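Here's coords22.txt, which has compact mmCIF, C-alpha atoms:
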```txt
# COMPACT_ATOMS: atom_id res chain seq x y z
CA MET A 1 35.84 -11.21 -20.51
CA PRO A 2 34.93 -14.84 -21.29
CA ASN A 3 37.29 -16.86 -23.45
CA ILE A 4 35.06 -18.30 -26.18
CA LYS A 5 36.38 -20.42 -29.03
CA PRO A 6 34.89 -22.58 -31.75
CA ILE A 7 35.28 -26.29 -31.08
CA SER A 8 37.36 -26.56 -34.23
CA ASP A 9 40.17 -24.81 -32.31
CA LEU A 10 40.68 -28.11 -30.47
CA ARG A 11 42.68 -29.29 -33.46
CA ASN A 12 45.44 -27.42 -31.66
CA TYR A 13 44.28 -28.47 -28.19
CA THR A 14 47.58 -27.73 -26.46
CA GLU A 15 47.16 -24.03 -27.24
CA VAL A 16 43.56 -24.07 -26.02
CA LEU A 17 44.54 -25.84 -22.78
CA LYS A 18 47.25 -23.26 -22.12
CA GLU A 19 44.52 -20.62 -21.95
CA VAL A 20 42.54 -22.42 -19.22
CA GLN A 21 43.19 -20.78 -15.85
CA GLU A 22 41.52 -20.94 -12.47
CA ASP A 23 38.36 -18.83 -12.56
CA HIS A 24 38.88 -18.41 -16.32
CA PRO A 25 37.43 -21.39 -18.20
CA VAL A 26 37.53 -21.72 -21.95
CA PHE A 27 34.08 -22.02 -23.51
CA LEU A 28 33.73 -23.99 -26.73
CA THR A 29 30.98 -23.40 -29.25
CA ARG A 30 29.50 -25.66 -31.88
CA ASN A 31 27.59 -24.03 -34.73
CA GLY A 32 27.79 -20.72 -32.89
CA ARG A 33 26.19 -22.02 -29.69
CA GLY A 34 27.79 -22.76 -26.36
CA GLU A 35 28.48 -26.49 -25.99
CA PHE A 36 31.36 -27.14 -23.57
CA ALA A 37 33.44 -25.50 -20.85
CA ILE A 38 37.00 -26.52 -20.07
CA VAL A 39 37.95 -25.87 -16.44
CA LYS A 40 40.87 -26.73 -14.20
CA ILE A 41 40.23 -29.86 -12.13
CA GLU A 42 40.56 -27.86 -8.89
CA GLU A 43 37.78 -25.55 -10.02
CA PHE A 44 35.64 -28.52 -11.05
CA ASP A 45 36.10 -30.00 -7.57
CA LYS A 46 35.07 -26.69 -5.98
CA LEU A 47 31.95 -26.57 -8.15
CA LYS A 48 31.00 -30.13 -7.18
CA ALA A 49 31.52 -29.31 -3.48
CA ALA A 50 29.36 -26.19 -3.81
CA VAL A 51 26.55 -28.18 -5.44
CA GLN A 52 26.73 -30.79 -2.67
CA LEU A 53 26.64 -28.08 0.00
CA LEU A 54 23.60 -26.45 -1.60
CA ALA A 55 21.85 -29.83 -1.78
CA HIS A 56 22.52 -30.45 1.92
CA LEU A 57 21.30 -26.96 2.82
CA GLU A 58 18.12 -27.52 0.82
CA GLN A 59 17.61 -30.86 2.56
CA GLY A 60 18.02 -29.19 5.96
CA GLU A 61 15.68 -26.37 5.07
CA LYS A 62 13.06 -28.84 3.82
CA SER A 63 13.36 -30.80 7.06
CA ALA A 64 12.97 -27.60 9.09
CA ARG A 65 9.87 -26.58 7.13
CA GLU A 66 8.30 -30.01 7.64
CA ASN A 67 9.42 -30.69 11.24
CA GLY A 68 9.89 -27.19 12.63
CA TRP A 69 12.91 -25.04 13.29
CA LEU A 70 15.20 -25.35 16.30
CA SER A 71 16.03 -22.40 18.49
CA ALA A 72 19.64 -21.45 19.18
CA ASP A 73 19.27 -22.85 22.70
CA GLN A 74 18.03 -26.17 21.35
CA VAL A 75 20.96 -26.40 18.93
CA GLU A 76 23.44 -25.63 21.70
CA ALA A 77 21.85 -28.28 23.91
CA LEU A 78 22.03 -30.86 21.10
CA LEU A 79 25.70 -30.00 20.47
CA GLY A 80 26.54 -29.94 24.16
CA VAL A 81 27.81 -26.39 24.00
```
Can the structure from this file be put into structure tokens for me?
Amino acid sequence: MPNIKPISDLRNYTEVLKEVQEDHPVFLTRNGRGEFAIVKIEEFDKLKAAVQLLAHLEQGEKSARENGWLSADQVEALLGV
């Protein structure tokens, strides 16, 4: 279950930060709407890495659509396997 708190709870930020765990961010609301998420730095790094990986995969797929796909044999030859 998501941990959702009003942003006013940050007056006692040490208690809010104690509730942040890996894979369990604390979501802060302002005027009843989601505004912020507090996550552990390790989780933030994982999210950034995942976004970068997806961007590279999209770039590769776009290149393949424009220039054609390589067969497994072609990939092995390029890698020297």
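Distance-wise, CA of Val51 (chain A) and CA of Lys18 (chain A) end up 27.0 Å apart.
The smallest atom-to-atom distance between Glu43 (chain A) and any of A:Leu78, A:Val20, A:Leu28, A:Gly60, using only C-alpha atoms, is found for A:Val20.
CA of Lys62 (chain A) is positioned 27.0 Å from CA of Phe44 (chain A).
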Open item on the list: Is it possible to get the residues within 12 Å of (40.9, -25.8, -29.9) (coordinates as in the file, counting only C-alpha atoms) written as a PyMOL selection string?
Closed with: chain A and resi 3-20+26-30+36-38
Task: Best match for closeness to Glu42 (chain A) among A:Ala55, A:Val81, A:Asn67, A:Glu22, counting all atoms listed in the file - done: A:Glu22
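Across the structure, CA of Gln21 (chain A) and CA of Arg33 (chain A) are spaced 22.0 Å apart.
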Expected axis-aligned box over every listed atom of region 55-62 of chain A, 3 Å added per side, centre plus edges in Å to one decimal, as AutoDock Vina command-line options:
```
--center_x 17.8 --center_y -28.6 --center_z 2.1 --size_x 15.5 --size_y 10.5 --size_z 13.7
```
